[in-house]
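Engineer: See data_29.csv below, with CSV, C-alpha atoms.
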```csv
chain,number,residue,atom,x,y,z
A,1,MET,CA,-41.3,-29.6,-11.0
A,2,ALA,CA,-38.0,-31.0,-12.3
A,3,LYS,CA,-37.3,-27.7,-14.1
A,4,LYS,CA,-37.9,-25.7,-10.9
A,5,LEU,CA,-35.6,-28.1,-8.9
A,6,ILE,CA,-32.8,-27.7,-11.6
A,7,ALA,CA,-33.2,-23.9,-11.5
A,8,LEU,CA,-33.0,-23.9,-7.7
A,9,CYS,CA,-29.9,-26.0,-7.9
A,10,ILE,CA,-28.3,-23.6,-10.4
A,11,MET,CA,-29.1,-20.6,-8.3
A,12,LEU,CA,-27.7,-22.3,-5.2
A,13,VAL,CA,-24.5,-23.3,-7.0
A,14,SER,CA,-24.2,-19.8,-8.5
A,15,PHE,CA,-24.6,-18.1,-5.0
A,16,THR,CA,-22.1,-20.6,-3.5
A,17,SER,CA,-19.5,-19.7,-6.1
A,18,LEU,CA,-20.1,-16.0,-5.6
A,19,ALA,CA,-19.9,-16.4,-1.9
A,20,GLN,CA,-16.3,-17.7,-2.1
A,21,ALA,CA,-14.1,-15.1,-0.6
A,22,LYS,CA,-10.9,-13.7,-2.1
A,23,TYR,CA,-8.5,-12.1,0.3
A,24,GLU,CA,-4.9,-11.2,-0.5
A,25,LYS,CA,-2.2,-9.7,1.4
A,26,GLU,CA,0.9,-8.5,-0.4
A,27,ILE,CA,4.3,-8.1,1.2
A,28,ARG,CA,7.3,-6.5,-0.7
A,29,LEU,CA,9.9,-9.1,-1.3
A,30,LYS,CA,13.6,-8.5,-1.7
A,31,GLU,CA,15.0,-9.8,-5.0
A,32,THR,CA,17.5,-12.0,-3.0
A,33,LEU,CA,14.5,-14.0,-1.6
A,34,VAL,CA,13.0,-14.7,-5.0
A,35,PRO,CA,13.5,-18.2,-6.4
A,36,GLN,CA,16.3,-18.1,-9.1
A,37,VAL,CA,14.0,-19.8,-11.7
A,38,ALA,CA,11.5,-17.0,-11.3
A,39,LEU,CA,14.2,-14.3,-11.5
A,40,ASP,CA,15.5,-15.9,-14.7
A,41,PHE,CA,12.1,-16.0,-16.3
A,42,VAL,CA,11.3,-12.4,-15.6
A,43,GLN,CA,14.8,-11.3,-16.7
A,44,SER,CA,14.2,-13.1,-20.0
A,45,LEU,CA,11.2,-10.9,-20.6
A,46,SER,CA,13.5,-7.9,-20.9
A,47,PHE,CA,11.1,-5.5,-19.1
A,48,SER,CA,12.5,-1.9,-19.4
A,49,LYS,CA,11.0,-0.6,-16.1
A,50,LYS,CA,11.7,-1.4,-12.5
A,51,ILE,CA,10.3,-4.8,-11.3
A,52,LYS,CA,8.8,-5.0,-7.9
A,53,TRP,CA,8.6,-8.4,-6.2
A,54,TYR,CA,5.8,-9.3,-3.8
A,55,LYS,CA,4.8,-12.3,-1.7
A,56,GLU,CA,1.1,-12.7,-2.1
A,57,ILE,CA,-0.7,-14.4,0.8
A,58,GLY,CA,-4.2,-15.7,0.1
A,59,ILE,CA,-6.6,-17.6,2.4
A,60,ASN,CA,-5.0,-21.0,1.6
A,61,THR,CA,-2.1,-20.3,-0.7
A,62,SER,CA,1.0,-18.1,-1.1
A,63,SER,CA,2.8,-17.1,-4.2
A,64,VAL,CA,5.6,-14.9,-5.5
A,65,GLU,CA,4.6,-12.1,-7.9
A,66,ALA,CA,6.6,-9.7,-10.1
A,67,LYS,CA,4.9,-6.5,-11.1
A,68,THR,CA,6.0,-3.9,-13.6
A,69,LYS,CA,4.8,-1.6,-16.4
A,70,HIS,CA,5.9,-2.5,-19.9
A,71,LEU,CA,4.9,-0.7,-23.1
A,72,GLY,CA,2.2,1.2,-21.2
A,73,LYS,CA,0.6,-1.9,-19.7
A,74,ARG,CA,0.7,-3.3,-16.2
A,75,TYR,CA,2.2,-6.8,-16.1
A,76,SER,CA,2.0,-9.2,-13.3
A,77,VAL,CA,3.9,-12.5,-13.4
A,78,GLU,CA,2.9,-15.0,-10.8
A,79,PHE,CA,4.9,-18.0,-9.5
A,80,SER,CA,4.4,-20.6,-6.8
A,81,MET,CA,6.7,-20.3,-3.8
A,82,ASP,CA,9.3,-22.7,-5.4
A,83,GLY,CA,9.4,-20.6,-8.6
A,84,THR,CA,7.1,-22.6,-10.9
A,85,LEU,CA,5.4,-20.2,-13.3
A,86,GLU,CA,1.6,-20.0,-12.6
A,87,ASP,CA,0.5,-17.3,-15.0
A,88,VAL,CA,1.2,-13.9,-16.6
A,89,GLU,CA,-1.4,-11.2,-16.4
A,90,ILE,CA,-1.6,-8.1,-18.5
A,91,GLN,CA,-4.1,-5.3,-17.8
A,92,ILE,CA,-6.2,-4.6,-20.9
A,93,LYS,CA,-9.2,-2.5,-21.9
A,94,LYS,CA,-12.6,-4.0,-22.5
A,95,GLU,CA,-12.3,-3.3,-26.2
A,96,GLU,CA,-9.2,-5.5,-26.4
A,97,ILE,CA,-11.3,-8.6,-25.7
A,98,PRO,CA,-12.3,-10.2,-29.1
A,99,GLU,CA,-15.9,-9.2,-29.9
A,100,ASN,CA,-17.5,-12.7,-29.5
A,101,ALA,CA,-16.0,-13.3,-26.1
A,102,ARG,CA,-16.8,-9.8,-25.0
A,103,LEU,CA,-20.5,-10.2,-25.9
A,104,ARG,CA,-20.7,-13.5,-24.0
A,105,ILE,CA,-19.1,-11.9,-20.9
A,106,THR,CA,-21.4,-8.9,-21.1
A,107,GLU,CA,-24.4,-11.2,-21.5
A,108,TYR,CA,-23.3,-13.2,-18.4
A,109,PHE,CA,-22.8,-10.0,-16.3
A,110,THR,CA,-26.1,-8.5,-17.4
A,111,SER,CA,-28.1,-11.7,-16.6
A,112,LYS,CA,-26.3,-12.1,-13.3
A,113,PHE,CA,-26.3,-8.5,-12.0
A,114,GLY,CA,-28.4,-6.3,-14.2
A,115,LYS,CA,-26.4,-3.2,-13.4
A,116,TYR,CA,-22.7,-3.6,-12.8
A,117,ARG,CA,-19.3,-1.8,-13.3
A,118,ILE,CA,-16.1,-3.3,-14.6
A,119,ASN,CA,-13.2,-2.2,-12.5
A,120,LYS,CA,-10.3,-4.1,-14.0
A,121,ILE,CA,-9.6,-6.6,-16.8
A,122,GLN,CA,-6.5,-8.7,-17.1
A,123,ILE,CA,-5.7,-11.1,-19.9
A,124,GLN,CA,-4.2,-14.2,-18.2
A,125,TYR,CA,-1.7,-16.4,-20.0
A,126,SER,CA,-0.6,-19.8,-18.6
A,127,GLY,CA,1.4,-22.7,-20.0
A,128,ASP,CA,4.8,-24.1,-20.3
A,129,PRO,CA,7.4,-21.4,-19.7
A,130,THR,CA,9.4,-22.5,-22.8
A,131,VAL,CA,6.3,-21.8,-24.9
A,132,LEU,CA,5.1,-18.8,-23.0
A,133,LEU,CA,8.4,-16.9,-23.1
A,134,PRO,CA,8.7,-16.6,-26.9
A,135,PHE,CA,5.0,-15.8,-27.1
A,136,LEU,CA,5.2,-13.0,-24.6
A,137,LYS,CA,8.3,-11.7,-26.4
A,138,ARG,CA,6.2,-11.8,-29.6
A,139,GLU,CA,8.7,-14.1,-31.3
A,140,LYS,CA,6.4,-17.0,-31.8
A,141,VAL,CA,2.6,-17.6,-32.0
A,142,SER,CA,1.5,-20.7,-30.1
A,143,THR,CA,-1.7,-22.7,-29.6
A,144,GLU,CA,-0.4,-24.4,-26.5
A,145,ILE,CA,-1.1,-21.3,-24.4
A,146,ASN,CA,-4.1,-21.2,-22.1
A,147,THR,CA,-5.7,-17.8,-22.3
A,148,ASN,CA,-8.3,-16.5,-19.8
A,149,TYR,CA,-9.8,-13.2,-18.8
A,150,GLU,CA,-9.7,-12.1,-15.1
A,151,ILE,CA,-12.3,-9.4,-14.6
A,152,VAL,CA,-13.0,-7.4,-11.4
A,153,VAL,CA,-16.6,-6.2,-11.2
A,154,SER,CA,-18.6,-4.2,-8.7
A,155,ALA,CA,-22.4,-4.7,-8.4
A,156,ARG,CA,-25.3,-4.7,-6.0
A,157,VAL,CA,-26.2,-8.1,-4.6
A,158,ASN,CA,-28.7,-8.8,-1.9
A,159,ARG,CA,-29.0,-5.0,-1.2
A,160,ALA,CA,-25.3,-4.5,-0.7
A,161,TYR,CA,-22.5,-3.3,-3.0
A,162,LYS,CA,-19.9,-5.9,-3.5
A,163,LYS,CA,-16.7,-6.6,-5.6
A,164,PHE,CA,-16.1,-9.9,-7.4
A,165,GLU,CA,-13.3,-11.4,-9.4
A,166,PHE,CA,-14.4,-13.5,-12.3
A,167,LEU,CA,-12.4,-15.8,-14.6
A,168,PHE,CA,-13.6,-16.4,-18.1
A,169,SER,CA,-12.2,-18.6,-20.8
A,170,GLU,CA,-10.8,-17.2,-24.1
A,171,LYS,CA,-14.2,-17.8,-25.7
A,172,GLY,CA,-16.0,-15.9,-22.9
A,173,ASP,CA,-17.3,-18.9,-20.9
A,174,TYR,CA,-17.6,-18.5,-17.1
A,175,LEU,CA,-15.0,-20.5,-15.2
A,176,LYS,CA,-15.1,-19.3,-11.6
A,177,SER,CA,-15.6,-16.3,-9.4
A,178,ALA,CA,-14.9,-15.1,-5.8
A,179,GLU,CA,-16.1,-12.2,-3.8
A,180,ILE,CA,-13.3,-9.8,-3.0
A,181,VAL,CA,-13.0,-8.9,0.7
A,182,LEU,CA,-13.0,-5.1,0.7
A,183,LYS,CA,-10.4,-3.3,2.8
A,184,ASN,CA,-11.5,-1.2,5.7
A,185,THR,CA,-11.3,2.5,4.7
A,186,ASP,CA,-12.9,4.1,7.8
A,187,ASN,CA,-9.8,6.0,8.6
A,188,ILE,CA,-9.9,8.0,5.4
A,189,GLU,CA,-13.7,8.5,5.4
A,190,TYR,CA,-14.1,9.9,8.9
B,191,MET,CA,19.1,44.7,-6.5
B,192,LYS,CA,19.0,41.1,-5.4
B,193,ALA,CA,20.1,42.0,-1.9
B,194,PHE,CA,17.3,44.6,-1.7
B,195,LEU,CA,14.7,42.0,-2.7
B,196,VAL,CA,16.0,39.6,-0.2
B,197,CYS,CA,15.8,42.3,2.5
B,198,ILE,CA,12.3,43.2,1.5
B,199,SER,CA,11.3,39.5,1.6
B,200,ILE,CA,12.8,39.0,5.1
B,201,LEU,CA,11.1,42.1,6.3
B,202,ILE,CA,7.7,41.0,5.0
B,203,THR,CA,8.1,37.5,6.3
B,204,SER,CA,9.2,38.7,9.8
B,205,TYR,CA,6.2,41.1,9.8
B,206,VAL,CA,3.7,38.4,8.9
B,207,VAL,CA,5.2,35.8,11.3
B,208,ALA,CA,5.4,38.5,14.1
B,209,GLN,CA,1.7,39.3,13.6
B,210,SER,CA,0.6,35.7,13.5
B,211,ARG,CA,-0.9,33.9,16.3
B,212,TYR,CA,-0.2,30.3,17.1
B,213,GLN,CA,-1.6,27.5,19.2
B,214,PHE,CA,0.0,24.2,20.0
B,215,GLY,CA,-1.6,21.3,21.7
B,216,LEU,CA,-2.9,17.7,21.7
B,217,LEU,CA,-5.8,16.3,19.8
B,218,PRO,CA,-6.4,12.6,20.7
B,219,SER,CA,-9.4,10.8,19.3
B,220,VAL,CA,-11.2,7.5,19.4
B,221,ASN,CA,-13.2,6.4,16.4
B,222,ILE,CA,-15.6,3.4,16.6
B,223,ASN,CA,-17.2,2.0,13.5
B,224,LYS,CA,-19.9,-0.6,13.2
B,225,LYS,CA,-21.0,-2.2,10.0
B,226,LEU,CA,-24.8,-2.8,9.7
B,227,PRO,CA,-26.8,-4.8,7.1
B,228,ASN,CA,-27.7,-3.4,3.7
B,229,ASP,CA,-24.6,-1.2,3.4
B,230,TRP,CA,-25.3,1.0,6.5
B,231,LYS,CA,-22.5,2.0,8.8
B,232,LEU,CA,-22.3,3.8,12.1
B,233,ASN,CA,-19.4,6.0,13.2
B,234,ALA,CA,-19.0,7.3,16.8
B,235,LYS,CA,-16.1,9.6,17.6
B,236,VAL,CA,-14.8,11.3,20.7
B,237,GLU,CA,-12.1,13.9,20.3
B,238,SER,CA,-10.6,16.0,22.9
B,239,ARG,CA,-8.6,19.2,22.5
B,240,GLN,CA,-5.9,20.4,24.9
B,241,GLU,CA,-3.7,23.4,24.6
B,242,LEU,CA,-0.1,23.3,25.7
B,243,LYS,CA,1.2,26.7,24.4
B,244,SER,CA,-0.2,29.7,22.6
B,245,GLY,CA,0.7,33.3,21.7
B,246,PHE,CA,2.3,35.3,18.9
B,247,PHE,CA,5.3,34.1,16.9
B,248,GLY,CA,8.4,35.9,18.1
B,249,GLU,CA,7.2,36.1,21.7
B,250,SER,CA,8.5,34.0,24.4
B,251,ASN,CA,5.7,32.0,25.9
B,252,ASP,CA,5.8,29.2,28.5
B,253,PHE,CA,4.1,25.9,28.2
B,254,GLN,CA,0.8,26.0,30.0
B,255,TYR,CA,-1.7,23.1,29.9
B,256,GLU,CA,-5.3,24.1,29.3
B,257,TYR,CA,-8.2,21.8,28.6
B,258,LEU,CA,-10.3,23.3,25.7
B,259,GLN,CA,-13.1,21.0,24.6
B,260,THR,CA,-14.4,17.5,23.9
B,261,ASP,CA,-16.4,16.6,20.7
B,262,ILE,CA,-18.7,13.7,20.7
B,263,SER,CA,-20.2,12.8,17.4
B,264,GLY,CA,-22.3,10.1,15.7
B,265,ILE,CA,-22.6,9.6,12.0
B,266,ALA,CA,-24.8,7.1,10.0
B,267,ALA,CA,-23.5,6.3,6.5
B,268,LYS,CA,-25.1,4.5,3.6
B,269,LYS,CA,-23.3,3.2,0.5
B,270,ILE,CA,-24.8,4.4,-2.7
B,271,ALA,CA,-22.2,2.6,-4.9
B,272,VAL,CA,-19.2,0.3,-4.2
B,273,ASP,CA,-17.0,3.4,-3.7
B,274,LYS,CA,-19.5,6.2,-2.7
B,275,SER,CA,-21.5,6.9,0.4
B,276,LEU,CA,-23.8,9.5,1.9
B,277,ALA,CA,-23.6,10.2,5.6
B,278,GLY,CA,-25.3,12.4,8.1
B,279,GLY,CA,-24.8,13.0,11.8
B,280,TYR,CA,-24.7,15.1,14.9
B,281,LEU,CA,-21.9,16.4,17.0
B,282,ILE,CA,-22.0,17.9,20.5
B,283,ARG,CA,-19.1,20.1,21.6
B,284,LEU,CA,-18.5,20.4,25.3
B,285,ARG,CA,-16.6,23.4,26.4
B,286,GLU,CA,-16.1,24.6,30.0
B,287,LYS,CA,-18.8,27.3,29.8
B,288,GLU,CA,-20.8,26.4,26.6
B,289,VAL,CA,-22.2,23.6,24.6
B,290,LEU,CA,-22.4,23.7,20.8
B,291,HIS,CA,-24.5,21.5,18.6
B,292,ARG,CA,-23.5,20.6,15.0
B,293,PHE,CA,-25.4,18.8,12.2
B,294,ILE,CA,-23.2,17.1,9.6
B,295,GLN,CA,-23.8,16.0,6.0
B,296,GLN,CA,-21.2,14.2,3.9
B,297,PHE,CA,-20.6,12.7,0.5
B,298,ILE,CA,-17.6,10.4,0.3
B,299,ILE,CA,-15.8,8.9,-2.7
B,300,VAL,CA,-13.1,6.3,-2.0
B,301,LYS,CA,-10.9,5.3,-5.0
B,302,GLY,CA,-8.2,2.7,-5.0
B,303,TYR,CA,-5.1,3.0,-7.3
B,304,HIS,CA,-1.9,1.0,-7.5
B,305,GLY,CA,-0.3,1.5,-4.1
B,306,LEU,CA,-2.5,4.4,-3.2
B,307,ARG,CA,-6.0,4.9,-1.9
B,308,LEU,CA,-7.7,8.3,-2.1
B,309,ALA,CA,-10.9,9.6,-0.4
B,310,HIS,CA,-12.7,12.7,-1.4
B,311,ARG,CA,-15.0,14.0,1.3
B,312,PHE,CA,-17.5,16.8,0.4
B,313,ALA,CA,-19.2,18.0,3.6
B,314,THR,CA,-21.5,20.7,5.0
B,315,ASP,CA,-22.2,21.4,8.6
B,316,GLU,CA,-24.2,23.8,10.7
B,317,THR,CA,-23.2,24.7,14.2
B,318,PHE,CA,-25.7,26.2,16.6
B,319,GLN,CA,-24.7,28.2,19.7
B,320,LYS,CA,-26.7,29.9,22.4
B,321,ASP,CA,-25.3,33.4,22.1
B,322,GLY,CA,-24.3,33.9,18.4
B,323,ASP,CA,-25.2,33.3,14.8
B,324,THR,CA,-25.3,29.8,13.3
B,325,GLU,CA,-22.1,28.9,11.6
B,326,VAL,CA,-22.4,27.2,8.2
B,327,ARG,CA,-19.4,25.4,6.7
B,328,LEU,CA,-18.7,24.0,3.3
B,329,ARG,CA,-15.7,21.6,3.3
B,330,TYR,CA,-13.7,19.5,0.9
B,331,ARG,CA,-11.1,17.0,2.1
B,332,LEU,CA,-8.7,14.9,0.2
B,333,SER,CA,-7.2,12.0,2.1
B,334,SER,CA,-4.4,9.9,0.7
B,335,LEU,CA,-3.4,6.5,2.2
B,336,ILE,CA,0.0,5.1,1.1
B,337,PRO,CA,1.0,1.6,2.3
B,338,LEU,CA,4.6,1.3,3.3
B,339,SER,CA,4.7,-2.4,2.5
B,340,GLY,CA,2.9,-4.0,-0.5
B,341,GLN,CA,0.1,-2.4,-2.5
B,342,SER,CA,-2.5,-2.2,0.3
B,343,VAL,CA,-2.5,-1.6,4.0
B,344,ASP,CA,-2.7,-5.0,5.7
B,345,PRO,CA,-2.6,-6.0,9.4
B,346,LYS,CA,0.8,-5.4,11.1
B,347,GLU,CA,1.9,-2.9,8.5
B,348,PHE,CA,2.7,0.8,8.6
B,349,TYR,CA,1.2,3.4,6.3
B,350,VAL,CA,1.3,7.1,5.7
B,351,LYS,CA,-1.9,9.1,5.6
B,352,VAL,CA,-2.2,12.7,4.5
B,353,ASN,CA,-5.3,14.8,4.8
B,354,HIS,CA,-5.7,18.1,3.1
B,355,GLU,CA,-8.8,20.1,3.7
B,356,TYR,CA,-10.4,23.4,2.8
B,357,LEU,CA,-13.2,24.8,5.0
B,358,ASN,CA,-15.3,27.8,4.1
B,359,ALA,CA,-17.2,29.1,7.1
B,360,TRP,CA,-20.0,31.7,7.2
B,361,GLU,CA,-21.2,33.2,10.5
B,362,GLY,CA,-23.6,36.0,10.1
B,363,LYS,CA,-22.0,38.3,7.5
B,364,ASP,CA,-18.5,37.0,8.2
B,365,HIS,CA,-16.7,34.6,6.0
B,366,ASP,CA,-13.4,32.7,6.7
B,367,LEU,CA,-11.4,30.1,5.0
B,368,GLU,CA,-9.4,27.5,6.9
B,369,VAL,CA,-6.8,25.3,5.4
B,370,ARG,CA,-5.7,22.0,7.0
B,371,LEU,CA,-2.8,19.8,6.3
B,372,VAL,CA,-2.5,16.7,8.4
B,373,PRO,CA,0.3,14.2,7.8
B,374,HIS,CA,0.1,10.9,9.8
B,375,ILE,CA,2.1,7.8,10.3
B,376,GLY,CA,-0.2,4.9,11.0
B,377,TYR,CA,0.0,1.3,12.1
B,378,ASN,CA,-2.6,-1.3,11.1
B,379,ILE,CA,-2.8,-3.4,14.3
B,380,SER,CA,-5.4,-5.8,12.9
B,381,GLU,CA,-8.3,-5.9,10.5
B,382,SER,CA,-10.3,-4.0,13.0
B,383,SER,CA,-7.9,-1.6,14.7
B,384,LYS,CA,-5.6,1.2,13.5
B,385,LEU,CA,-3.4,3.7,15.4
B,386,GLU,CA,-2.2,7.0,13.9
B,387,LEU,CA,0.1,9.7,15.1
B,388,GLY,CA,0.3,13.0,13.2
B,389,LEU,CA,0.5,16.7,13.1
B,390,ASP,CA,-2.8,18.5,12.5
B,391,TYR,CA,-1.9,21.9,11.1
B,392,ARG,CA,-4.7,24.4,10.7
B,393,LEU,CA,-4.4,27.9,9.2
B,394,ASP,CA,-7.3,30.4,9.3
B,395,SER,CA,-8.1,34.1,9.7
B,396,PHE,CA,-5.6,34.9,6.9
B,397,ILE,CA,-8.1,36.6,4.5
B,398,ASP,CA,-8.7,39.9,6.3
B,399,SER,CA,-6.8,39.7,9.6
B,400,SER,CA,-3.6,38.3,11.1
B,401,PRO,CA,-3.3,34.6,10.4
B,402,ARG,CA,-3.8,32.0,13.1
B,403,HIS,CA,-1.6,28.8,12.9
B,404,ARG,CA,-2.7,25.9,15.0
B,405,PHE,CA,-0.6,22.8,15.5
B,406,TRP,CA,-2.2,19.8,17.1
B,407,THR,CA,-0.4,16.5,17.9
B,408,ALA,CA,-3.1,14.1,16.7
B,409,ILE,CA,-3.3,10.6,18.1
B,410,ASN,CA,-6.2,8.6,16.5
B,411,TRP,CA,-7.4,5.2,17.3
B,412,TYR,CA,-9.8,3.6,14.8
B,413,MET,CA,-11.8,0.5,15.9
B,414,SER,CA,-14.3,-1.6,14.1
B,415,ILE,CA,-16.8,-3.6,16.2
```
Kindly present the structure from the file in structure tokens form.

Structural biologist:
Amino acid sequence: MAKKLIALCIMLVSFTSLAQAKYEKEIRLKETLVPQVALDFVQSLSFSKKIKWYKEIGINTSSVEAKTKHLGKRYSVEFSMDGTLEDVEIQIKKEEIPENARLRITEYFTSKFGKYRINKIQIQYSGDPTVLLPFLKREKVSTEINTNYEIVVSARVNRAYKKFEFLFSEKGDYLKSAEIVLKNTDNIEY
Amino acid sequence: MKAFLVCISILITSYVVAQSRYQFGLLPSVNINKKLPNDWKLNAKVESRQELKSGFFGESNDFQYEYLQTDISGIAAKKIAVDKSLAGGYLIRLREKEVLHRFIQQFIIVKGYHGLRLAHRFATDETFQKDGDTEVRLRYRLSSLIPLSGQSVDPKEFYVKVNHEYLNAWEGKDHDLEVRLVPHIGYNISESSKLELGLDYRLDSFIDSSPRHRFWTAINWYMSI
């Protein structure tokens, strides 16, 4: 009986976490409106290509984001509205996740969805900017950096196709997830 | 030699244009969409076609308003993957002196890229008319949606939409190919309402007769309920 109750609780918690919605609206931001500290950090990364700035508005939060392509990879550097660094995300391929973590993540998705499709993977670095900067510039290896994987997955849940954003730790442990609110595409379908 | 080639090109172009027919008018439409459980969706559309001017290029023709037709259609769609859906429906075309019935089948793929959304629509339809053969069409349409602010189209933002479509039509022993190019400027009023203004250009009859160019000023209103 106790086992059944625990299983029920886990299922409920799991569905509640999946039910959390992720909605984002991005607005292009002029460089003049970007906090100086954020501009300085991104300039220090010496990206070769054009940097586009956005204000990202979520359900409860807003942030400033710099997007660019560097050495063939898409970079996204996120700051709070006052310019405090939140994280740096780099788009990667599934094979770039170390094998042990990859297996744990695959196991997690298989047990949760059965059939699923990975749409996007980003490696997410966060930590003190003074530690993160030399690490990103490949000048210094550091253990003080927090590494996670942000993965967008599509799967069929409760007889409907949905998209989710998952966050896993460096070791492949599940941290959190949210359902992505899909954009209305009626005007290009009909 | 160059002058000769230029002269020949001008002559050919003037001949083609002089022989070409054109039609210019209005094509307003209202599109209502309703999401249903289990990934089903309904689409209802009313589109009216009104002519303002027609004739041959090079001729002088006056503006003359003429109501042509109204299409009323209903389509049911079911998602078969997060980005793919199958759809089927029926359209009734009301003209002054005739009524046409059309059955529609569609397979749609919608792909999202950085700052761009593409939709591939593969469709077939069969049009039945009282006095004439059934017309069968095989269509492919590529729709591109480009947000003018940010990486996706959000409420209170403008966007550009371009449709490009090829339609093969068979009626009895006749075959024709129609090519459409439809650029729009759109405004996302809210999560459930979009307004678009564009030029719907259609070229047909160019395979074995004089081409027909049709230019419709399209005004589309998409609503979700």

Engineer: Rounded to one decimal place, report the atom CA of A:Ser154-atom CA of A:Phe79 distance in Å.

Structural biologist: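 If I compute the distance from atom CA of A:Ser154 to atom CA of A:Phe79, I get 27.3 Å.
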
Engineer: Determine, using all atoms listed in the file, which residues of chain A have any atom at most 10 Å from an atom of chain B, and tabulate each with its shortest atom pair and distance in Å to one decimal place, rows ordered by chain and then rising number, as a Markdown table.

Structural biologist:
```
| residue | atom | partner | partner_atom | distance |
| --- | --- | --- | --- | --- |
| A:Glu24 | CA | B:Asp344 | CA | 9.0 |
| A:Lys25 | CA | B:Asp344 | CA | 6.4 |
| A:Glu26 | CA | B:Gly340 | CA | 4.9 |
| A:Ile27 | CA | B:Gly340 | CA | 4.7 |
| A:Arg28 | CA | B:Gly340 | CA | 5.1 |
| A:Leu29 | CA | B:Gly340 | CA | 8.7 |
| A:Lys52 | CA | B:Gly340 | CA | 9.5 |
| A:Trp53 | CA | B:Gly340 | CA | 9.2 |
| A:Tyr54 | CA | B:Gly340 | CA | 6.9 |
| A:Lys55 | CA | B:Gly340 | CA | 8.6 |
| A:Glu56 | CA | B:Gly340 | CA | 9.0 |
| A:Arg117 | CA | B:Val272 | CA | 9.3 |
| A:Val153 | CA | B:Val272 | CA | 9.9 |
| A:Ser154 | CA | B:Val272 | CA | 6.4 |
| A:Ala155 | CA | B:Val272 | CA | 7.3 |
| A:Arg156 | CA | B:Ala271 | CA | 8.0 |
| A:Val157 | CA | B:Asn228 | CA | 9.7 |
| A:Asn158 | CA | B:Asn228 | CA | 7.8 |
| A:Arg159 | CA | B:Asn228 | CA | 5.3 |
| A:Ala160 | CA | B:Asn228 | CA | 5.1 |
| A:Tyr161 | CA | B:Val272 | CA | 5.0 |
| A:Lys162 | CA | B:Val272 | CA | 6.3 |
| A:Lys163 | CA | B:Val272 | CA | 7.5 |
| A:Leu182 | CA | B:Val272 | CA | 9.6 |
| A:Lys183 | CA | B:Val343 | CA | 8.2 |
| A:Asn184 | CA | B:Glu381 | CA | 7.4 |
| A:Thr185 | CA | B:Val300 | CA | 7.9 |
| A:Asp186 | CA | B:Asn223 | CA | 7.4 |
| A:Asn187 | CA | B:Tyr412 | CA | 6.6 |
| A:Ile188 | CA | B:Ser333 | CA | 5.8 |
| A:Glu189 | CA | B:Ala309 | CA | 6.5 |
| A:Tyr190 | CA | B:Asn233 | CA | 7.9 |
```

Engineer: Show which residues sit within 9 Å of A:Lys22, as a PyMOL selection string. Count all atoms listed in the file, and ignore same-chain residues fewer than 5 positions away.

Structural biologist: chain A and resi 58-59+164-165+178-181

Engineer: Do you know which residues are at most 6 Å from stretch 122-132 of chain A counting all atoms listed in the file, after dropping those on the same chain fewer than 5 positions away, and could you put them as a list in words?

Structural biologist: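 Listed by chain and then number, they are Asp87, Val88, Glu89, Ile90, Gln91, Ile92, Ile145, Asn146, Thr147, Asn148, Tyr149 and Glu150 of chain A.
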
Engineer: For each of B:Ile336, B:Leu258, B:Ile375, B:Ile409, take the minimum atom-to-atom distance to B:His304, counting all atoms listed in the file, then give the residue where this is smallest.

Structural biologist: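 Of B:Ile336, B:Leu258, B:Ile375, B:Ile409, the one nearest B:His304, counting all atoms listed in the file, is B:Ile336.
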
Engineer: Could you jot down the atom CA of A:Leu71 to atom CA of A:Ser48 separation for me, Å, one decimal place?

Structural biologist: 8.5 Å

Engineer: Rounded to one decimal in Å, what is the spacing between atom CA of A:Leu33 and atom CA of A:Ser62?

Structural biologist: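 Answer for the atom CA of A:Leu33 to atom CA of A:Ser62 separation: 14.1 Å.
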
Engineer: In terms of the shortest atom-to-atom distance over all atoms listed in the file, which of A:Glu31, A:Ala66, A:Ser177, A:Ile151 is closest to A:Arg102?

Structural biologist: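 Checking each of A:Glu31, A:Ala66, A:Ser177, A:Ile151 against A:Arg102, counting all atoms listed in the file, the winner is A:Ile151.
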
Engineer: At most 7 Å from (-7.3, 26.1, 9.1), file frame, only C-alpha atoms: which residues, as a list in words?

Structural biologist: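 Those residues, ordered by chain and then number, are Glu368, Val369, Arg370, Arg392, Leu393 and Asp394 of chain B.
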
Engineer: Residues within 8 Å of A:Tyr174, please, as a ChimeraX atom specification. Count only C-alpha atoms; anything in the same chain fewer than 3 positions from it doesn't count.

Structural biologist: /A:105,108,166-169
